[in-house]
Structures are given as C-alpha cells and as structure tokens.
Amino acid sequence: MAVNARILIVARDDTRAGPLSEGLDRLGWRTITARGPYAALAALGDLQIEAVIVDLDAAGPDSQTLARRLKAAVAPRRLPVIAIGEPGTDVGQSAFDLTLSPPLHPSQAVLRLESLVRTAIAEEEFELRLTTFGDRGRRLDLPEASSAPYRVLAIGEPAPQFLALSNALTRGGADVVGAFTAYTAFDYLHERAFDAVVLWAGENQQEALSIAAGMRRNTRLFHIPALLYMNAESYVTMSEAFHRGVSDVASPQTPEGDTARRVIELARNYRRGEAIRGALEKARSSGLMDAATGLFTRDLFAAHLARLAGAARERGRPLSIGVLRVADKADVVWARQNGWLDRAIPQIGSMVGRLVRVEDTAARLAPEVFALALPATNLAAAKAAAERIAAVIGCTAFDAGEDRSPFVCEFDIGVAQIEPGETAIHALERAASQALQKAI
C-alpha cells in the first residue's frame, strides 16, 4: 500500500483506473485504488487523501450517496470528489465536484485536481475567516454562484461542426458568444466575464493551442476552463493539448449534446470556484485591515493564525508561516532616512497581498515586516512562495525623488512549518528569527 498516497481511486476494475493510476503516479500524484465503498472509507480513515476519483461504471446507482459519504468521512476537511463518466442533465444537483468524460488523461486529471484541491482549501479558509471576522463584529458575504446562464466563448472559424456545438450549448441554456480570431477572442476575454471557452481546432490547430496557453499565462484568465474541439485525425496529441492548458478535449464524432454538457459541467465548477475566491477577496473591504496596505493587521493576524493552526491539526493539513523583512541595503537605508520608504510601503504591502493565493493570509506585522500564513503548504513550497514574492517586488523600482535614482527593495526571509505540538506563535517566532539572522 502506498502510505503517502494523495489520490484515492474508487473502481471495480482497472479498465479505467489502471492507466489513470499509473499516469498520476508518474506525475507526482501518488494513488491508491479501492474496489468498493467500504475499502474507500477505510482508506480515507488511514491516509491523508487530498481528492477522490470515482469510476461511475463501478459505483452503481448510488454514486451520489457514495460521494456524500466520502465527503462526510473526512469532515471538517473538504474533500473534492471527481466522477469519471458522462455528465447528467442535473449537474447542478450533483454531489460530485466535477464529472469528466472517459477516457480521463492523467495530465487532464492533474489540472482538475490542482484546481479542485485549491478550491477546497479556499472553502476551508473562508469558514475560518467567517469566525475570525465575526468575533470582531464583521460579517462576510457568503459565496453565492450566480444563477445567470453560463457564459461561453466559442473561438474559431464557423465550421458546420463547431456551429452545431454552439447551437447545442445554446439549447442547453448557455449564453454563447462567437469569436472568429484570436485577437477578437482576447478582446472579449478582457472585456467580459466568461465561465468557459470552447476552441475549434479545425485548420489552424496551433492557434487554438496558443490561445489556451495565453490564457494560462494571464492571472485573470488562468482559471477559466477551455475545451478543445478537434477532428479525430488531428496531429495534436492529448498530452500536448493538456500541457498547453486545455481542460478537456472532444471531437465532432461525439454527439454535440454530450459535448455541450461537458462544457457546462466545466463552467459550473469554475463559477463555484470564482464565488469562493470572490467572497475571500471581499474581506479586504471589511474595515479591519491595515489602512495603508490592505493586509491583515498584527492583532487580526495573530487571532486568525491561532485559528488556522487549530484547523490544520484537526484536518491533518500542513501549515507554514513566512516572514519578509525589508533588508537594510544602502539605498533602502537612505530612502528610509528621507521618508521615501514610508511612501513606498503601501505599494509594497499591496503587492504582497496580490502575489499570494486567495486562500493565503498576508499581514503587516510592523512598518517594514510582513507575514504570510500558508494553509496546506509544506516548508519547501512556503519557501518557494516567499522567494517568489520577494523576487517580484525586487524587480520594482520605487521613487526616491527627482535628484536620485529609484530604489529597489529586497527582503530578509524566514519560513517555518508548524511542527506537531508546536504553537502557531512559536512557529512565527522561528520564522521571524530566521529573517532577523539574515539581516545581521
């Protein structure tokens, strides 16, 4: 048994589960397979499973009940459950977080798993913030996905097969907008909000892949799912498509109604994630944040960090803390003495807040000291996150007056992962001590 398994696959046989398990293992998502509900529940009790994939062909008529039982078994930890099968007509009432059509390519599965796991952690974080902010008399708006029709952008030349899919989406209740070129498509994407994108890989398949890759390089468009609709004789491989950022692949050989349901299922999952991310973002306007930077204040961070640590222990997730202290370089010392650093700190703090994930907590502990609480993040990943933030801010020039060149800010960084039996404050002190030692 793979005791460090991250993904549980529930399948009666290896027809689908075997190739998927091997592929996920190769990509770093270690798996374990259960042949039935009881074995699946036992695995959840013994292992720190991050997500479950259920083969609907093996789950029987009670698949919805199985999904609910799996989720309840690890509560209060949120457990994403993906189904392999054709989406039904009642996807909005499904107990599964997402239903993907077979065959499920391992690279496609990884993309969806990463998204769903982060959404689950964001949901957990929102629950904790509800309590932290409620203790201070602030009520956050609950995440509510819009009930408006799903907005789908269809990109590509108006081939008969593509128009048939667009019509099937419209019949399914989606609001479809057509874009014939990449330039028009990105104009639409920057001007309007969409829940999913359909790319027609007809005569110009590389352009479709370039659009998908461009979306993944854009922070605003990164999460929008993109389905590649391509001919069966296409030279584009499934691995290449998913590597370029495509969320799903379909062909005109599949009935348009089935493909339309797959698109709507991706849109449903995306809209749910956006609602959670939007609710977390609204915490910035709660009136409790640091006025200059929009980050958590020291006292608010301390209270929330204690709650995060308790939740991490209860849910069996790691929790890491980072401290970033403005380094005492010569030009920074001059800027501090002449007031220019004080003017730059609001921008620096705002950048820190924008560079963390929505489920992370960023705070201003002192005038030039910032802290990060990173849920479900181990020490190595936390170091990488802190260094990435420091590197981005280190590329920014800040004004030092008309007669002097702009200055840049570097950081002394300290990172600690909360150890078993350790308090959150002690871990924060370890991280702060590391940052201070680098300053000496």
# chains A, B, ... in the order shown; residues from 1 in each chain; ligands from 1
call {"tool": "select_by_dssp", "arguments": {"residues": "stretch 264-382 of chain A", "states": "helix (DSSP H, G or I)", "output": "PyMOL selection string"}}
result
chain A and resi 264-285+298-315+330-337+340-355+379-382
call {"tool": "residues_around", "arguments": {"residues": "stretch 16-26 of chain A", "least_positions_apart": "3", "cutoff": "10 Å", "atoms": "only C-alpha atoms", "output": "list in words"}}
result
Ala5, Arg6, Ile7, Leu8, Ile9, Val10, Ala11, Arg12, Asp13, Trp29, Arg30, Thr31, Ile32, Thr33, Ala34, Ile53, Val54, Asp55, Asp57, Ile84, Pro102, Pro103, Leu104, His105, Pro106, Ser107, Gln108, Ala109 and Val110 of chain A
call {"tool": "write_last_selection", "arguments": {"atoms": "N, CA and C atoms", "output": "tab-separated table (two decimals), in the first residue's frame"}}
result
chain	number	residue	atom	x	y	z
A	5	ALA	N	-0.10	8.11	-0.31
A	5	ALA	CA	-1.00	8.38	-1.43
A	5	ALA	C	-1.75	9.68	-1.22
A	6	ARG	N	-1.90	10.43	-2.30
A	6	ARG	CA	-2.64	11.69	-2.27
A	6	ARG	C	-4.04	11.53	-2.86
A	7	ILE	N	-4.19	10.59	-3.80
A	7	ILE	CA	-5.45	10.44	-4.53
A	7	ILE	C	-6.00	9.03	-4.33
A	8	LEU	N	-7.29	8.95	-4.01
A	8	LEU	CA	-7.98	7.67	-3.90
A	8	LEU	C	-8.83	7.48	-5.14
A	9	ILE	N	-8.64	6.35	-5.82
A	9	ILE	CA	-9.45	5.99	-6.98
A	9	ILE	C	-10.39	4.86	-6.57
A	10	VAL	N	-11.69	5.06	-6.78
A	10	VAL	CA	-12.68	4.03	-6.45
A	10	VAL	C	-13.16	3.42	-7.76
A	11	ALA	N	-12.79	2.17	-7.99
A	11	ALA	CA	-13.12	1.49	-9.24
A	11	ALA	C	-13.18	-0.01	-9.02
A	12	ARG	N	-14.12	-0.65	-9.69
A	12	ARG	CA	-14.29	-2.09	-9.53
A	12	ARG	C	-13.18	-2.87	-10.22
A	13	ASP	N	-12.63	-2.32	-11.30
A	13	ASP	CA	-11.54	-2.99	-12.01
A	13	ASP	C	-10.59	-1.93	-12.56
A	29	TRP	N	1.36	12.52	-8.34
A	29	TRP	CA	0.13	12.43	-7.55
A	29	TRP	C	-0.08	10.96	-7.21
A	30	ARG	N	0.56	10.50	-6.15
A	30	ARG	CA	0.52	9.09	-5.78
A	30	ARG	C	-0.91	8.64	-5.49
A	31	THR	N	-1.27	7.46	-5.97
A	31	THR	CA	-2.64	6.99	-5.88
A	31	THR	C	-2.74	5.68	-5.10
A	32	ILE	N	-3.95	5.41	-4.65
A	32	ILE	CA	-4.31	4.11	-4.10
A	32	ILE	C	-5.71	3.80	-4.61
A	33	THR	N	-5.98	2.54	-4.91
A	33	THR	CA	-7.25	2.15	-5.50
A	33	THR	C	-8.06	1.32	-4.51
A	34	ALA	N	-9.35	1.66	-4.39
A	34	ALA	CA	-10.29	0.89	-3.58
A	34	ALA	C	-11.32	0.26	-4.51
A	53	ILE	N	-11.33	10.06	-6.93
A	53	ILE	CA	-11.85	9.89	-8.29
A	53	ILE	C	-12.68	8.62	-8.31
A	54	VAL	N	-13.94	8.73	-8.73
A	54	VAL	CA	-14.87	7.60	-8.72
A	54	VAL	C	-15.23	7.24	-10.15
A	55	ASP	N	-15.07	5.96	-10.48
A	55	ASP	CA	-15.50	5.43	-11.78
A	55	ASP	C	-16.99	5.14	-11.68
A	57	ASP	N	-19.02	3.77	-13.68
A	57	ASP	CA	-19.42	2.44	-14.13
A	57	ASP	C	-19.34	1.42	-13.01
A	84	ILE	N	-15.78	9.91	-13.03
A	84	ILE	CA	-15.46	9.61	-14.44
A	84	ILE	C	-16.70	9.01	-15.06
A	102	PRO	N	-14.88	9.91	-19.88
A	102	PRO	CA	-13.77	9.00	-20.16
A	102	PRO	C	-13.38	9.06	-21.63
A	103	PRO	N	-12.15	8.69	-21.97
A	103	PRO	CA	-11.07	8.32	-21.04
A	103	PRO	C	-10.46	9.57	-20.41
A	104	LEU	N	-10.10	9.48	-19.15
A	104	LEU	CA	-9.53	10.62	-18.43
A	104	LEU	C	-8.01	10.54	-18.52
A	105	HIS	N	-7.43	11.49	-19.26
A	105	HIS	CA	-5.98	11.52	-19.42
A	105	HIS	C	-5.34	11.98	-18.11
A	106	PRO	N	-4.23	11.37	-17.67
A	106	PRO	CA	-3.60	11.77	-16.41
A	106	PRO	C	-3.27	13.26	-16.33
A	107	SER	N	-2.78	13.84	-17.42
A	107	SER	CA	-2.45	15.27	-17.40
A	107	SER	C	-3.70	16.12	-17.22
A	108	GLN	N	-4.80	15.69	-17.84
A	108	GLN	CA	-6.07	16.37	-17.65
A	108	GLN	C	-6.52	16.25	-16.20
A	109	ALA	N	-6.37	15.07	-15.62
A	109	ALA	CA	-6.77	14.85	-14.24
A	109	ALA	C	-5.97	15.75	-13.30
A	110	VAL	N	-4.67	15.89	-13.54
A	110	VAL	CA	-3.83	16.73	-12.67
A	110	VAL	C	-4.30	18.18	-12.69
call {"tool": "residues_around", "arguments": {"residues": "A:Tyr270", "least_positions_apart": "5", "cutoff": "10 Å", "atoms": "only C-alpha atoms", "output": "PyMOL selection string"}}
result
chain A and resi 98+115-116+119+145+194-196+223-225+264-265+275
call {"tool": "atom_distance", "arguments": {"atom1": "atom CA of A:Ile49", "atom2": "atom CA of A:Ala75"}}
result
12.2 Å
call {"tool": "closest_residue", "arguments": {"among": "A:Gly349, A:Gly245, A:Gly339, A:Gly316", "to": "A:Met289", "atoms": "only C-alpha atoms"}}
result
A:Gly349
call {"tool": "select_by_dssp", "arguments": {"residues": "stretch 24-70 of chain A", "states": "strand (DSSP E or B)", "output": "number ranges by chain"}}
result
A: 31-34, 51-55
call {"tool": "closest_residue", "arguments": {"among": "A:Ala291, A:Val152, A:Leu113, A:Thr131", "to": "A:Leu27", "atoms": "only C-alpha atoms"}}
result
A:Leu113
